[in-house]
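Colleague: Sending over target24.cif (mmCIF, C-alpha atoms).
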data_run
loop_
_atom_site.label_atom_id
_atom_site.label_comp_id
_atom_site.auth_asym_id
_atom_site.auth_seq_id
_atom_site.Cartn_x
_atom_site.Cartn_y
_atom_site.Cartn_z
CA MET A 5 15.90 -6.45 3.45
CA GLY A 6 19.60 -7.21 3.19
CA ALA A 7 19.12 -9.59 0.25
CA ASP A 8 20.07 -9.64 -3.42
CA ALA A 9 16.46 -9.68 -4.64
CA PRO A 10 14.22 -6.64 -4.05
CA LYS A 11 11.66 -7.31 -1.33
CA GLN A 12 8.73 -7.43 -3.77
CA PHE A 13 10.39 -10.39 -5.51
CA ARG A 14 11.18 -12.37 -2.37
CA LEU A 15 9.07 -15.51 -2.11
CA LEU A 16 5.95 -15.82 0.03
CA ASP A 17 4.23 -19.19 -0.11
CA GLY A 18 6.46 -20.04 -3.06
CA VAL A 19 5.57 -17.04 -5.24
CA PRO A 20 7.00 -13.52 -5.51
CA VAL A 21 5.44 -11.15 -2.98
CA VAL A 22 4.17 -8.84 -5.74
CA VAL A 23 2.34 -11.75 -7.40
CA PHE A 24 0.86 -12.84 -4.07
CA THR A 25 -0.35 -9.27 -3.55
CA LEU A 26 -1.92 -9.22 -7.01
CA ARG A 27 -3.79 -12.42 -6.22
CA ARG A 28 -5.24 -10.82 -3.09
CA LEU A 29 -6.29 -7.63 -4.90
CA ALA A 30 -7.73 -9.57 -7.82
CA ALA A 31 -10.08 -11.34 -5.40
CA SER A 32 -12.20 -8.18 -5.53
CA PRO A 33 -14.21 -7.69 -8.73
CA LEU A 34 -14.34 -3.96 -7.99
CA ILE A 35 -10.84 -3.49 -9.47
CA GLY A 36 -11.08 -3.32 -13.25
CA ARG A 37 -7.40 -3.16 -14.21
CA PHE A 38 -3.95 -3.07 -12.66
CA LEU A 39 -0.86 -0.95 -13.28
CA ILE A 40 2.43 -1.99 -11.72
CA ALA A 41 5.37 0.42 -11.66
CA THR A 42 8.78 -1.19 -11.38
CA HIS A 43 12.40 -0.84 -12.53
CA ALA A 44 12.97 -1.04 -16.28
CA ASP A 45 15.02 -4.24 -16.08
CA GLU A 46 12.26 -5.98 -14.12
CA ILE A 47 9.44 -5.32 -16.59
CA GLY A 48 10.07 -8.31 -18.86
CA PRO A 49 10.49 -10.97 -16.15
CA LEU A 50 7.53 -9.63 -14.18
CA ASN A 51 5.31 -9.62 -17.26
CA GLN A 52 6.21 -13.27 -17.90
CA ARG A 53 5.49 -14.26 -14.32
CA ILE A 54 2.16 -12.46 -14.28
CA ALA A 55 1.12 -13.98 -17.61
CA ALA A 56 1.48 -17.42 -16.03
CA GLU A 57 -1.18 -16.46 -13.47
CA ARG A 58 -3.84 -15.96 -16.18
CA PHE A 59 -5.59 -13.11 -14.40
CA SER A 60 -8.96 -12.24 -15.94
CA ARG A 61 -8.35 -8.47 -15.97
CA PRO A 62 -5.76 -6.32 -17.78
CA ILE A 63 -2.42 -5.95 -15.98
CA HIS A 64 0.19 -3.55 -17.35
CA VAL A 65 3.73 -3.35 -16.01
CA ILE A 66 5.35 0.04 -16.59
CA GLU A 67 8.61 1.71 -15.73
CA GLY A 68 8.42 3.52 -12.40
CA GLY A 69 10.53 6.27 -10.91
CA ASP A 70 13.11 6.65 -8.17
CA THR A 71 10.47 7.31 -5.48
CA ARG A 72 6.99 6.10 -4.65
CA GLN A 73 5.57 9.46 -5.69
CA GLU A 74 7.28 9.33 -9.09
CA SER A 75 6.15 5.74 -9.68
CA VAL A 76 2.53 6.47 -8.81
CA ALA A 77 2.60 9.58 -11.00
CA LYS A 78 3.75 7.50 -13.96
CA ALA A 79 1.06 4.91 -13.32
CA LEU A 80 -1.56 7.62 -12.89
CA ALA A 81 -0.67 8.98 -16.33
CA GLU A 82 -1.71 5.59 -17.75
CA VAL A 83 -5.11 5.53 -16.04
CA PRO A 84 -7.87 5.91 -18.67
CA GLN A 85 -10.03 9.01 -18.65
CA GLY A 86 -13.44 8.21 -17.23
CA THR A 87 -12.03 6.07 -14.45
CA GLU A 88 -14.04 6.64 -11.28
CA LEU A 89 -11.58 5.68 -8.56
CA VAL A 90 -7.87 4.96 -8.34
CA LEU A 91 -6.63 2.54 -5.72
CA VAL A 92 -2.95 2.70 -4.73
CA HIS A 93 -1.45 -0.27 -2.94
CA ASP A 94 2.04 -1.25 -1.79
CA ALA A 95 3.33 -4.30 -3.66
CA VAL A 96 4.80 -5.48 -0.37
CA ARG A 97 1.51 -5.59 1.58
CA PRO A 98 0.56 -9.10 0.44
CA LEU A 99 -1.95 -10.00 3.14
CA VAL A 100 -4.56 -7.39 2.27
CA THR A 101 -8.04 -8.92 2.20
CA ARG A 102 -10.97 -8.54 -0.15
CA ASP A 103 -13.05 -7.16 2.71
CA GLN A 104 -10.47 -4.44 3.42
CA VAL A 105 -10.30 -3.49 -0.25
CA GLU A 106 -14.05 -3.25 -0.60
CA ARG A 107 -14.61 -1.31 2.62
CA VAL A 108 -12.06 1.37 1.71
CA VAL A 109 -13.41 1.57 -1.86
CA ALA A 110 -16.95 2.04 -0.53
CA GLU A 111 -15.79 4.86 1.72
CA ALA A 112 -13.96 6.57 -1.14
CA GLN A 113 -17.10 6.34 -3.26
CA ARG A 114 -18.94 8.11 -0.47
CA CYS A 115 -16.39 10.81 0.42
CA GLN A 116 -13.82 11.01 -2.46
CA ALA A 117 -10.78 9.95 -0.43
CA ALA A 118 -10.16 7.08 2.00
CA ILE A 119 -7.28 4.98 3.27
CA LEU A 120 -6.80 1.99 5.53
CA GLY A 121 -5.17 2.67 8.89
CA ILE A 122 -4.80 1.22 12.35
CA PRO A 123 -4.70 2.94 15.77
CA ALA A 124 -1.32 3.53 17.36
CA MET A 125 -0.89 1.23 20.35
CA ASP A 126 2.38 2.70 21.62
CA THR A 127 2.96 6.11 23.16
CA VAL A 128 4.10 8.47 20.39
CA LYS A 129 6.84 11.03 21.01
CA GLU A 130 7.82 14.00 18.88
CA VAL A 131 11.60 14.43 18.94
CA LYS A 132 14.48 16.48 17.57
CA ARG A 133 18.01 15.28 16.88
CA ALA A 134 19.94 18.48 16.26
CA SER A 135 23.40 18.57 17.90
CA LEU A 136 22.89 15.10 19.38
CA PRO A 137 24.64 11.79 18.63
CA GLU A 138 23.15 9.88 15.71
CA ASP A 139 21.45 7.30 17.93
CA VAL A 140 20.05 9.82 20.45
CA ALA A 141 16.96 12.03 20.25
CA LEU A 142 15.41 14.65 22.53
CA ILE A 143 11.67 14.48 23.24
CA THR A 144 9.87 17.73 22.46
CA ALA A 145 6.25 16.59 22.90
CA THR A 146 4.05 13.60 23.64
CA ILE A 147 1.25 13.13 21.10
CA PRO A 148 -2.01 11.63 22.42
CA ARG A 149 -2.47 8.17 20.97
CA GLU A 150 -6.12 8.79 20.17
CA ARG A 151 -4.98 11.36 17.60
CA ILE A 152 -2.62 8.96 15.82
CA VAL A 153 -3.27 6.29 13.21
CA LEU A 154 -0.70 4.30 11.26
CA ALA A 155 -1.45 4.66 7.56
CA GLN A 156 -1.74 1.57 5.41
CA THR A 157 -2.79 0.83 1.86
CA PRO A 158 -4.96 0.58 -0.17
CA GLN A 159 -5.46 4.32 -0.43
CA VAL A 160 -8.39 5.14 -2.72
CA PHE A 161 -9.31 8.45 -4.34
CA GLU A 162 -11.54 9.90 -7.00
CA ALA A 163 -9.36 9.83 -10.10
CA GLY A 164 -9.75 13.53 -10.83
CA LEU A 165 -8.90 14.48 -7.27
CA LEU A 166 -5.74 12.37 -7.27
CA ARG A 167 -4.66 13.84 -10.61
CA GLU A 168 -5.18 17.34 -9.19
CA ALA A 169 -3.15 16.47 -6.08
CA TYR A 170 -0.26 15.15 -8.15
CA ALA A 171 -0.31 18.10 -10.53
CA ARG A 172 -0.22 20.55 -7.62
CA ALA A 173 2.62 18.65 -5.93
CA ALA A 174 4.65 18.65 -9.16
CA ALA A 175 4.08 22.39 -9.65
CA ASP A 176 5.11 23.14 -6.06
CA GLY A 177 8.01 20.70 -5.88
CA PHE A 178 6.29 19.02 -2.93
CA THR A 179 7.13 15.43 -1.97
CA ALA A 180 5.18 13.22 0.43
CA SER A 181 5.44 9.64 1.61
CA ASP A 182 1.89 8.72 0.57
CA GLU A 183 -0.97 9.85 -1.63
CA ALA A 184 -3.16 10.92 1.28
CA ALA A 185 -0.69 13.66 2.18
CA LEU A 186 -0.90 15.07 -1.35
CA VAL A 187 -4.70 15.15 -1.17
CA GLU A 188 -4.72 16.57 2.37
CA ARG A 189 -2.69 19.61 1.31
CA LEU A 190 -5.44 20.53 -1.17
CA GLY A 191 -7.79 20.90 1.79
CA TYR A 192 -9.81 17.72 1.23
CA ASP A 193 -10.80 15.37 4.04
CA VAL A 194 -9.30 11.89 3.87
CA HIS A 195 -11.25 9.29 5.83
CA VAL A 196 -9.54 6.40 7.62
CA VAL A 197 -11.11 2.94 7.41
CA LEU A 198 -9.98 0.42 10.02
CA GLY A 199 -7.27 -1.86 8.66
CA SER A 200 -5.44 -4.70 10.36
CA GLU A 201 -2.03 -5.41 11.83
CA ARG A 202 -1.94 -8.39 9.47
CA ASN A 203 -1.91 -6.00 6.53
CA LEU A 204 1.77 -5.49 7.24
CA LYS A 205 4.34 -3.94 4.92
CA ILE A 206 7.27 -6.24 4.33
CA THR A 207 10.25 -3.99 5.00
CA ARG A 208 12.62 -5.94 7.27
CA PRO A 209 13.74 -9.58 7.06
CA GLY A 210 11.58 -10.59 10.03
CA ASP A 211 8.45 -9.20 8.35
CA LEU A 212 8.47 -12.03 5.81
CA GLU A 213 8.50 -14.57 8.64
CA ILE A 214 5.55 -12.78 10.26
CA ALA A 215 3.65 -12.83 6.96
CA GLU A 216 4.27 -16.59 6.65
CA PHE A 217 2.94 -17.04 10.20
CA TYR A 218 -0.22 -15.03 9.48
CA LEU A 219 -0.75 -16.97 6.27
CA ARG A 220 -0.54 -20.30 8.08
CA HIS A 221 -3.00 -18.99 10.66
CA GLU A 222 -5.43 -17.95 7.91
CA ARG A 223 -5.33 -21.40 6.41
CA ILE A 224 -5.90 -23.12 9.73
CA ALA A 225 -8.86 -20.83 10.42
CA ALA A 226 -10.27 -21.57 6.95
CA GLU A 227 -9.98 -25.33 7.53
CA VAL A 228 -11.69 -25.08 10.92
CA GLY A 229 -14.48 -23.00 9.38
CA ARG A 230 -15.36 -25.64 6.79
#
Here is a file; write its structure as structure tokens.
Modeller:
Amino acid sequence: MGADAPKQFRLLDGVPVVVFTLRRLAASPLIGRFLIATHADEIGPLNQRIAAERFSRPIHVIEGGDTRQESVAKALAEVPQGTELVLVHDAVRPLVTRDQVERVVAEAQRCQAAILGIPAMDTVKEVKRASLPEDVALITATIPRERIVLAQTPQVFEAGLLREAYARAAADGFTASDEAALVERLGYDVHVVLGSERNLKITRPGDLEIAEFYLRHERIAAEVGR
């Protein structure tokens, strides 16, 4: 993001993005408790900020790892036995809706593993960069758009299945960019529930401006609907 503060602590509507995201997730009564993995030096301040929100369900802030996979593994170790489903969500996807959460949870209840995703609108190219300048790539294939979706979160899995996927990845030294990939390699089907472009991941400076725009639009729509 090119800023001093990590992106999850940048302000959206006057509150840290991670807190805004928690508010959105907490709108669904299906989620019984929350685990947030973060850097060790952020645990105290984040706990204080969350306490001020007075959420009605338990929220535990724990020390994460150097990667997403390590952080989720540490959080997963804190999930109580007997938990039916585990929902993994990016702290920097603040505009997730209750409807999206509940649709992907319902699908995971039905089929063990489900994620949100959106169709690819652009033409997708497979490329290689070997022996080429850093800013140049060579197209090796064109992938049909109907076969491509852009993965989002929440990603929801039966707790036992996700534990198995993480244990196998740790044993094999396998690293993936999301939980679905870990479950896929066990041979399980992962279903994709339609998400939304508004469920964006704040990664670049302009993404925060887009989130503010979508938020204003939501509020205008809510006022008109009254």
Colleague: What's around Pro158 in chain A at 7 Å? Count only C-alpha atoms, leave out sequence neighbours fewer than 5 positions away in its own chain, and write the answer as a list in words.
Modeller: Leu91, Val92, His93, Val105, Ile119 and Leu120 of chain A
Colleague: Using Å and a single decimal, report how far CA of Val90 in chain A sits from CA of Val153 in chain A.
Modeller: 22.1 Å
Colleague: Quick one: residues within 10 Å of Asp94 in chain A, all atoms listed in the file counted, chain neighbours fewer than 3 positions away excluded, as an MDAnalysis selection string?
Modeller: chainID A and resid 12 22 25 40 72 97:98 100 156:159 204:206
Colleague: Leaving out Arg149 in chain A and any residue of its chain fewer than 4 positions from it, which residues lie within 8 Å of it when counting only C-alpha atoms, given as a ChimeraX atom specification?
Modeller: /A:123-128
Colleague: Report the distance between CA of Ala79 in chain A and CA of Glu106 in chain A in Å, rounded to one decimal place.
Modeller: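 Going from CA of Ala79 in chain A over to CA of Glu106 in chain A, I get 21.4 Å.
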Colleague: Nearest residue to Gly36 in chain A out of A:Val83, A:Leu50, A:Ala56, A:Val23, using all atoms listed in the file?
Modeller: A:Val83
Colleague: Measuring between all atoms listed in the file, which one of A:Leu89, A:Arg167, A:Gly18, A:Glu130 shows the shortest distance to Leu34 in chain A?
Modeller: A:Leu89
Colleague: Using only C-alpha atoms, can you tell me which of A:Glu150, A:Glu46, A:Glu183, A:Asp139 comes closest to Phe13 in chain A?
Modeller: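 When distances to Phe13 in chain A are compared using only C-alpha atoms, the smallest one comes from A:Glu46.
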Colleague: Run the PyMOL selection byres ((chain A and resi 117) around 6) on the file and write out the hits as an MDAnalysis selection string.
Modeller: chainID A and resid 112 115:116 118 160:161 194
Colleague: Considering all atoms listed in the file, state which residue in the set A:Ile152, A:Val109, A:Ala171, A:Leu16 is at the smallest distance from Ile35 in chain A.
Modeller: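 That would be A:Val109, the residue with the smallest distance to Ile35 in chain A.
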Colleague: One number please: CA of Ala77 in chain A to CA of Leu186 in chain A, in Å, one decimal.
Modeller: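 Interatomic distance here is 11.6 Å.
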Colleague: Got a sec to resolve the PyMOL selection byres ((chain A and resi 44) around 8) on this structure and send the residues as a list of chain:residue names?
Modeller: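 Output from the PyMOL selection byres ((chain A and resi 44) around 8), applied to this file: A:Thr42, A:His43, A:Asp45, A:Glu46, A:Ile47, A:Ile66, A:Glu67, A:Gly68.
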Colleague: Run the PyMOL selection byres ((chain A and resi 170) around 12) mentally over the shown coordinates, then write out the matched residues as a PyMOL selection string, using the chain letters and numbers from the document.
Modeller: chain A and resi 73-81+161+163-169+171-180+182-190
